[in-house]
Amino acid sequence: MVVTMHKINVELKDNSIIQVKKDSTILEVAQTISAGLAKVAYAGIVDGILVDLRTSLDKDCKLEIVTNKDKEGMLVFRHTATHIMAQAVLRLYPFAQLATGPATENGYFYDIDFGDFKITQDDLVKIESEMHKIIKSDFEISVETVTKAQAKAKLQNIGQTKYKLLLLNDIPDNKSITLFTQGEFVDLCSGPHLSHTGQIKAFKLTQLTGAYFKGNQSQKMLTRIYGVAFEKNSQLQEHLTKLEEAKKRDHIKLGRELGLFTTVDCVGQGLPLFGPKGAKILQTLIRWVEDEETKRDYVLTRTPIIAKNDLYKISGHWDKYRDGMFVIGDNDSNYMAIRPMTCPFQYFIYKSTPHSYRDLPIRYAETSTLMRNEDSGEMHGLIRIRQFTLSDGHIVCTSDQIEEEFKKALDLVNYLLDTLGLRNDITYRFSKHDPANMSKYIDNPSMWGNAENSLKTILDLLKIDYVESIGDAAFYGPKLDIQIKNVYGKEDTIITIQLDFALADRYNMEYTDADGAKKRPVIIHRSSIGCYERTLALLIEKYAGAFPTWLAPIQVVVMSLTDRTALDTDNIVKQLKSKGISAIQDNRSEKIGYKIREAQLQKIPYMLIVGDKEKTENVVAVRDRKNGDLGTMSLYEFENKILVEIENKIL
RNA sequence: GGUGAUAUGGCUCAGUAGGUAGAGCACGUCCUUGGUAAGGACGAGGCCAUGGGUUCAAAUCCCAUUAUCACCUCCA
């Protein structure tokens with residue numbers, strides 16, 4: 001037997017190098033550094049790969065010790081919580097078949113097939129108490145590398161004969177197979193994990209939902225149990241409180257409470273009705289965006305909301321999205337469809353006259369109402385609806401102009417987001433096609449190569465910090481998607497700018513270049529502020545219903561202190577309205593404190609109070625929703641104050 | 001589209017082991033009221049989402065439909 005006494009060099013996070021015995025585990029290295037570090041160490045990152053603490057180091061490497069402070073550390077922590085949950089589930093329901101159970105941003109889930117057993121919310125409590133037992137037992141979590149046959153035997157041994165074996169089969173032969181064991185429970189898992197079940201301190205099972213095996217619609221629907229896990233109970237409580245707070249900002253709840261919109265069973269799914277207040281905000285947004293576009297050399301179009309299917313056949317939309325379109329007619333000779341997008345209408349406006357290279361770029365904009373027959377399960381508040389109004393537009397330009405036009409389109413977007421106060425809430429996503437799934441796209445690899453390279457060059461030139469996403473492109477071209485999270489942390493696209501090298505060809509659009517040759521223009525599909533309903537939803541959540549004054553549907557409420565001043569409030573409201581300020585009055589015979597409370601619940605920016613004293617001195621007592629009493633001022637002074645705020649769109 | 005939950009006055013919810021409904025807030029009238037989170041009295045308002053079924057009897061049980069919510073899938 002050869003005893004190796006070799007030492008290896010390990011480079012740490014701070015670039016210092018320490019020497020340790022070959023085959024030391026990461027935990028041992030951590031102990032060498034300090035006992036304190038070893039205590040909070042959850043895993044290691046060796047040469048960039050996240051590995052278990054018990055991994056032994058056999059050669060020189062870079063090592064980062066992952067602790068509870070690191071994102072990766074908490075992933076390991078939560079992943080361990082997942083296994084504890086799975087173990088508890090198998091104790092209570094030995095027939096359950098486990099599928100997959102990863103950690104997520106705040107928690108974890110496990111997809112499980114319970115067969116004919118119908119699990120309910122009440123069962124979660126039972127699972128939780130079983131988890132407490134497992135944590136109390138403080139099982140050691142051990143890891144072993146095994147062959148497929150060994151893994152199969154061990155999994156079958158604990159009754160896992162279905163999904164685990166399917167997953168096992170999917171593992172390529174050149175990859176090692178690891179099993180993690182805690183007590184009687186074994187799981188097929190690449191890890192890493194904590195070393196003892198007792199390390200999980202605070203957790204809660206939060207949700208019970210369905211999910212397809214492997215995320216594939218054609219696979220079986222499994223039961224997904226969600227949980228959250230933290231190191232300290234206080235952190236768990238904090239998280240739960242945060243969720244409660246988020247609920248209060250939920251645009252669906254607030255939007256109804258504030259009377260912005262409602263839904264009616266017999267109108268139908270995904271078809272919200274905007275009341276006076278909701279409509280007012282939409283109007284403010286639309287006017288603002290259209291004005292801004294005009295300033296930036298866009299020209300407006302106004303096109304039909306319905307067209308023959310022939311129009312959509314040219315682009316390929318008809319073949320691809322027919323099921324998602326509201327179609328009228330019963331056969332191909334009389335089919336009409338309500339428009340699901342504006343693109344081809346604006347193309348035909350372009351085509352209605354011949355164009356020289358001197359005309360380009362042409363920037364078409366339209367506040368465009370669209371309808372898409374979304375699947376019934378897809379609708380969500382104002383975020384995903386069947387009829388929506390998009391700040392749509394298409395820029396027709398030469399290939400030399402793409403970069404400048406893209407930059408300008410993005411400038412507009414950034415300006416609008418800045419003004420709304422959303423700029424810091426967004427992230428950029430470069431959405432590319434998926435070469436492995438060309439059935440979703442126009443099959444022209446060189447076109448895709450061109451378009452994506454071109455877009456990448458622009459994004460890099462503009463120093464945009466984006467993440468790439470394969471498979472999220474439009475079927476005709478790559479996109480820059482501007483992503484935003486809702487109050488629960490769910491991400492959606494709010495705005496998109498797309499590069500299209502394909503549809504100009506399909507619609508036979510051309511311009512005459514300087515050399516007299518007919519050429520294809522490039523099209524940039526872009527939205528300036530996205531779809532107004534969705535943007536409104538995000539604004540409701542951002543401001544918890546307390547819109548900036550310029551957006552607030554009611555900007556001022558004028559209150560009479562007693563019935564004697566009721567007539568004066570009426571006159572003041574008229575005066576404010578004549579200045580374009582949205583004002584209402586509250587003359588009810590209620591105590592003033594009561595009226596103020598009402599106005600605050602309605603999140604109205606300003607309250608004016610008129611009493612005998614104010615009447616005599618010709619002033620109004622002003623309150624705002626944030627600071628309370630602002631003292632008295634003349635109506636003229638107040639008008640100037642609020643008009644400055646509105647004009648400058650102060651947040 | 002799939003899985004699950006839910007559906008009672010404008011809103012938030014209670015309710016009956018099946019015998020045709022209740023609260024708070026909001027709303028209306030009158031009285032009261034000079035000041036920053038709830039003054040008083042009275043009143044109106046629901047055939048308990050829709051359509052079937054079981055039953056002597058259904059808002060309550062069952063089925064279907066519609067809508068809402070969550071998740072999965074999808075998103076031009």
# chains A, B, ... in the order shown; residues from 1 in each chain; ligands from 1
>>> interface_residues(of="chain B", to="chain A", cutoff="9 Å", atoms="only C-alpha atoms (C1' of nucleotides)", output="number ranges by chain")
B: 1-4, 11, 33-39, 49, 66-76
>>> residues_around(residues="U8 of chain B", least_positions_apart="6", cutoff="10 Å", atoms="only C-alpha atoms (C1' of nucleotides)", output="ChimeraX atom specification")
/B:14-15,21,46,48-49,59
>>> write_last_selection(atoms="N, CA and C atoms (P, O5', C5', C4', C3', O3' and C1' of nucleotides)", output="CSV table (one decimal), in the first residue's frame")
chain,number,residue,atom,x,y,z
B,14,A,P,-65.9,32.5,6.1
B,14,A,O5',-67.2,32.7,7.0
B,14,A,C5',-67.1,32.8,8.3
B,14,A,C4',-68.3,33.0,9.1
B,14,A,C3',-69.3,31.9,9.2
B,14,A,O3',-68.8,30.9,10.0
B,14,A,C1',-70.4,34.0,9.2
B,15,G,P,-69.1,29.4,9.6
B,15,G,O5',-70.7,29.3,9.6
B,15,G,C5',-71.4,29.3,10.8
B,15,G,C4',-72.9,29.4,10.5
B,15,G,C3',-73.5,28.2,9.8
B,15,G,O3',-73.9,27.3,10.8
B,15,G,C1',-74.2,30.2,8.8
B,21,A,P,-84.9,32.7,4.5
B,21,A,O5',-84.2,32.6,5.9
B,21,A,C5',-83.8,33.8,6.5
B,21,A,C4',-82.3,33.7,6.8
B,21,A,C3',-81.6,35.0,7.0
B,21,A,O3',-81.6,35.2,8.4
B,21,A,C1',-80.4,33.8,5.4
B,46,G,P,-82.9,42.7,-3.0
B,46,G,O5',-81.9,41.6,-2.7
B,46,G,C5',-80.6,41.6,-3.3
B,46,G,C4',-79.9,40.3,-3.0
B,46,G,C3',-80.8,39.1,-3.3
B,46,G,O3',-80.7,38.7,-4.7
B,46,G,C1',-79.5,38.8,-1.3
B,48,C,P,-80.7,31.6,-4.4
B,48,C,O5',-79.2,31.8,-3.9
B,48,C,C5',-78.4,32.9,-4.4
B,48,C,C4',-77.2,32.9,-3.5
B,48,C,C3',-76.4,31.6,-3.5
B,48,C,O3',-75.1,31.8,-3.9
B,48,C,C1',-77.0,32.2,-1.3
B,49,A,P,-74.4,30.9,-4.9
B,49,A,O5',-74.7,31.5,-6.4
B,49,A,C5',-74.5,32.9,-6.6
B,49,A,C4',-74.3,33.1,-8.1
B,49,A,C3',-75.1,32.2,-9.0
B,49,A,O3',-76.4,32.7,-9.3
B,49,A,C1',-72.8,32.0,-9.6
B,59,A,P,-82.2,26.2,-3.2
B,59,A,O5',-80.6,26.2,-3.3
B,59,A,C5',-79.9,27.4,-3.6
B,59,A,C4',-78.6,27.5,-2.8
B,59,A,C3',-78.2,26.3,-2.1
B,59,A,O3',-77.3,25.5,-2.8
B,59,A,C1',-78.4,28.1,-0.5
>>> residues_around(residues="Ser333 of chain A", least_positions_apart="6", cutoff="12 Å", atoms="only C-alpha atoms (C1' of nucleotides)", output="mmCIF file with N, CA and C atoms, in the first residue's frame")
data_model
loop_
_atom_site.group_PDB
_atom_site.id
_atom_site.type_symbol
_atom_site.label_atom_id
_atom_site.label_comp_id
_atom_site.auth_asym_id
_atom_site.auth_seq_id
_atom_site.Cartn_x
_atom_site.Cartn_y
_atom_site.Cartn_z
ATOM 1 N N LYS A 308 -59.058 39.760 -42.703
ATOM 2 C CA LYS A 308 -59.170 38.413 -43.271
ATOM 3 C C LYS A 308 -57.961 37.583 -42.855
ATOM 4 N N ASN A 309 -58.157 36.299 -42.804
ATOM 5 C CA ASN A 309 -57.038 35.459 -42.383
ATOM 6 C C ASN A 309 -55.886 35.504 -43.378
ATOM 7 N N ASP A 310 -56.188 35.910 -44.619
ATOM 8 C CA ASP A 310 -55.127 36.016 -45.632
ATOM 9 C C ASP A 310 -53.954 36.865 -45.128
#
>>> select_by_dssp(residues="segment 315-397 of chain A", states="alpha helix (DSSP H)", output="MDAnalysis selection string")
chainID A and resid 315 317:321 343:351
>>> select_by_dssp(residues="segment 205-358 of chain A", states="strand (DSSP E or B)", output="PDB file with N, CA and C atoms, in the first residue's frame")
ATOM      1  N   LEU A 205     -44.271  24.363   5.286  1.00  0.00           N
ATOM      2  CA  LEU A 205     -44.803  23.932   3.994  1.00  0.00           C
ATOM      3  C   LEU A 205     -45.892  24.923   3.614  1.00  0.00           C
ATOM      4  N   THR A 206     -45.774  25.471   2.420  1.00  0.00           N
ATOM      5  CA  THR A 206     -46.611  26.630   2.105  1.00  0.00           C
ATOM      6  C   THR A 206     -47.710  26.351   1.102  1.00  0.00           C
ATOM      7  N   GLN A 207     -47.479  25.447   0.188  1.00  0.00           N
ATOM      8  CA  GLN A 207     -48.403  25.367  -0.922  1.00  0.00           C
ATOM      9  C   GLN A 207     -48.479  23.971  -1.505  1.00  0.00           C
ATOM     10  N   LEU A 208     -49.614  23.676  -2.048  1.00  0.00           N
ATOM     11  CA  LEU A 208     -49.869  22.369  -2.637  1.00  0.00           C
ATOM     12  C   LEU A 208     -50.404  22.633  -4.040  1.00  0.00           C
ATOM     13  N   THR A 209     -49.669  22.238  -5.065  1.00  0.00           N
ATOM     14  CA  THR A 209     -50.134  22.519  -6.426  1.00  0.00           C
ATOM     15  C   THR A 209     -49.835  21.337  -7.339  1.00  0.00           C
ATOM     16  N   GLY A 210     -50.217  21.463  -8.563  1.00  0.00           N
ATOM     17  CA  GLY A 210     -49.934  20.429  -9.543  1.00  0.00           C
ATOM     18  C   GLY A 210     -48.757  20.839 -10.406  1.00  0.00           C
ATOM     19  N   ALA A 211     -48.066  19.882 -10.954  1.00  0.00           N
ATOM     20  CA  ALA A 211     -46.966  20.174 -11.869  1.00  0.00           C
ATOM     21  C   ALA A 211     -46.721  18.944 -12.724  1.00  0.00           C
ATOM     22  N   TYR A 212     -46.443  19.165 -14.015  1.00  0.00           N
ATOM     23  CA  TYR A 212     -46.181  18.035 -14.899  1.00  0.00           C
ATOM     24  C   TYR A 212     -44.807  17.442 -14.622  1.00  0.00           C
ATOM     25  N   MET A 221     -49.487  14.546 -14.423  1.00  0.00           N
ATOM     26  CA  MET A 221     -49.534  15.655 -13.477  1.00  0.00           C
ATOM     27  C   MET A 221     -49.231  15.116 -12.079  1.00  0.00           C
ATOM     28  N   LEU A 222     -48.236  15.686 -11.458  1.00  0.00           N
ATOM     29  CA  LEU A 222     -47.848  15.251 -10.120  1.00  0.00           C
ATOM     30  C   LEU A 222     -48.291  16.300  -9.106  1.00  0.00           C
ATOM     31  N   THR A 223     -48.159  15.954  -7.835  1.00  0.00           N
ATOM     32  CA  THR A 223     -48.456  16.913  -6.781  1.00  0.00           C
ATOM     33  C   THR A 223     -47.154  17.574  -6.358  1.00  0.00           C
ATOM     34  N   ARG A 224     -47.153  18.900  -6.350  1.00  0.00           N
ATOM     35  CA  ARG A 224     -45.950  19.606  -5.939  1.00  0.00           C
ATOM     36  C   ARG A 224     -46.199  20.231  -4.570  1.00  0.00           C
ATOM     37  N   ILE A 225     -45.312  19.899  -3.619  1.00  0.00           N
ATOM     38  CA  ILE A 225     -45.428  20.512  -2.297  1.00  0.00           C
ATOM     39  C   ILE A 225     -44.321  21.550  -2.170  1.00  0.00           C
ATOM     40  N   TYR A 226     -44.733  22.792  -1.903  1.00  0.00           N
ATOM     41  CA  TYR A 226     -43.765  23.869  -1.741  1.00  0.00           C
ATOM     42  C   TYR A 226     -43.495  24.119  -0.265  1.00  0.00           C
ATOM     43  N   GLY A 227     -42.257  24.484   0.043  1.00  0.00           N
ATOM     44  CA  GLY A 227     -41.929  24.886   1.404  1.00  0.00           C
ATOM     45  C   GLY A 227     -40.914  26.002   1.394  1.00  0.00           C
ATOM     46  N   VAL A 228     -40.736  26.612   2.543  1.00  0.00           N
ATOM     47  CA  VAL A 228     -39.663  27.587   2.716  1.00  0.00           C
ATOM     48  C   VAL A 228     -38.854  27.139   3.929  1.00  0.00           C
ATOM     49  N   ALA A 229     -37.571  27.456   3.925  1.00  0.00           N
ATOM     50  CA  ALA A 229     -36.733  27.065   5.055  1.00  0.00           C
ATOM     51  C   ALA A 229     -35.698  28.147   5.340  1.00  0.00           C
ATOM     52  N   PHE A 230     -35.478  28.389   6.617  1.00  0.00           N
ATOM     53  CA  PHE A 230     -34.516  29.407   7.039  1.00  0.00           C
ATOM     54  C   PHE A 230     -33.723  28.886   8.218  1.00  0.00           C
ATOM     55  N   PHE A 261     -60.868  48.536 -11.561  1.00  0.00           N
ATOM     56  CA  PHE A 261     -61.470  47.619 -12.532  1.00  0.00           C
ATOM     57  C   PHE A 261     -62.287  46.555 -11.825  1.00  0.00           C
ATOM     58  N   THR A 262     -63.082  45.860 -12.590  1.00  0.00           N
ATOM     59  CA  THR A 262     -63.846  44.749 -12.048  1.00  0.00           C
ATOM     60  C   THR A 262     -63.924  43.675 -13.128  1.00  0.00           C
ATOM     61  N   LEU A 273     -63.195  45.031 -16.807  1.00  0.00           N
ATOM     62  CA  LEU A 273     -63.931  46.267 -17.096  1.00  0.00           C
ATOM     63  C   LEU A 273     -63.295  47.374 -16.263  1.00  0.00           C
ATOM     64  N   PHE A 274     -62.793  48.401 -16.955  1.00  0.00           N
ATOM     65  CA  PHE A 274     -62.167  49.496 -16.230  1.00  0.00           C
ATOM     66  C   PHE A 274     -63.207  50.546 -15.891  1.00  0.00           C
ATOM     67  N   VAL A 299     -44.633  58.403 -36.222  1.00  0.00           N
ATOM     68  CA  VAL A 299     -45.883  58.809 -36.850  1.00  0.00           C
ATOM     69  C   VAL A 299     -46.963  57.817 -36.436  1.00  0.00           C
ATOM     70  N   LEU A 300     -48.164  58.341 -36.176  1.00  0.00           N
ATOM     71  CA  LEU A 300     -49.235  57.473 -35.691  1.00  0.00           C
ATOM     72  C   LEU A 300     -49.961  56.806 -36.837  1.00  0.00           C
ATOM     73  N   ILE A 306     -59.783  44.047 -37.108  1.00  0.00           N
ATOM     74  CA  ILE A 306     -60.158  42.736 -37.633  1.00  0.00           C
ATOM     75  C   ILE A 306     -59.695  42.667 -39.085  1.00  0.00           C
ATOM     76  N   ALA A 307     -59.341  41.484 -39.526  1.00  0.00           N
ATOM     77  CA  ALA A 307     -58.881  41.343 -40.905  1.00  0.00           C
ATOM     78  C   ALA A 307     -59.104  39.919 -41.381  1.00  0.00           C
ATOM     79  N   LYS A 308     -59.058  39.760 -42.703  1.00  0.00           N
ATOM     80  CA  LYS A 308     -59.170  38.413 -43.271  1.00  0.00           C
ATOM     81  C   LYS A 308     -57.961  37.583 -42.855  1.00  0.00           C
ATOM     82  N   VAL A 327     -61.561  33.911 -34.096  1.00  0.00           N
ATOM     83  CA  VAL A 327     -61.847  33.804 -35.515  1.00  0.00           C
ATOM     84  C   VAL A 327     -63.352  33.863 -35.749  1.00  0.00           C
ATOM     85  N   ILE A 328     -63.743  34.611 -36.769  1.00  0.00           N
ATOM     86  CA  ILE A 328     -65.138  34.696 -37.172  1.00  0.00           C
ATOM     87  C   ILE A 328     -65.232  34.040 -38.549  1.00  0.00           C
ATOM     88  N   MET A 336     -62.409  35.585 -40.746  1.00  0.00           N
ATOM     89  CA  MET A 336     -61.850  36.866 -40.322  1.00  0.00           C
ATOM     90  C   MET A 336     -61.295  36.633 -38.920  1.00  0.00           C
ATOM     91  N   ALA A 337     -60.287  37.375 -38.570  1.00  0.00           N
ATOM     92  CA  ALA A 337     -59.762  37.224 -37.214  1.00  0.00           C
ATOM     93  C   ALA A 337     -59.564  38.593 -36.585  1.00  0.00           C
ATOM     94  N   ILE A 338     -59.928  38.675 -35.311  1.00  0.00           N
ATOM     95  CA  ILE A 338     -59.628  39.886 -34.558  1.00  0.00           C
ATOM     96  C   ILE A 338     -58.114  39.922 -34.387  1.00  0.00           C
ATOM     97  N   SER A 356     -37.982  55.530 -50.850  1.00  0.00           N
ATOM     98  CA  SER A 356     -36.568  55.693 -51.148  1.00  0.00           C
ATOM     99  C   SER A 356     -35.786  55.474 -49.870  1.00  0.00           C
TER     100      SER A 356
END
>>> residues_around(residues="Leu608 of chain A", least_positions_apart="3", cutoff="10 Å", atoms="only C-alpha atoms (C1' of nucleotides)", output="count of residues only")
23
>>> atom_distance(atom1="atom C1' of A44 of chain B", atom2="atom C1' of G24 of chain B")
17.0 Å
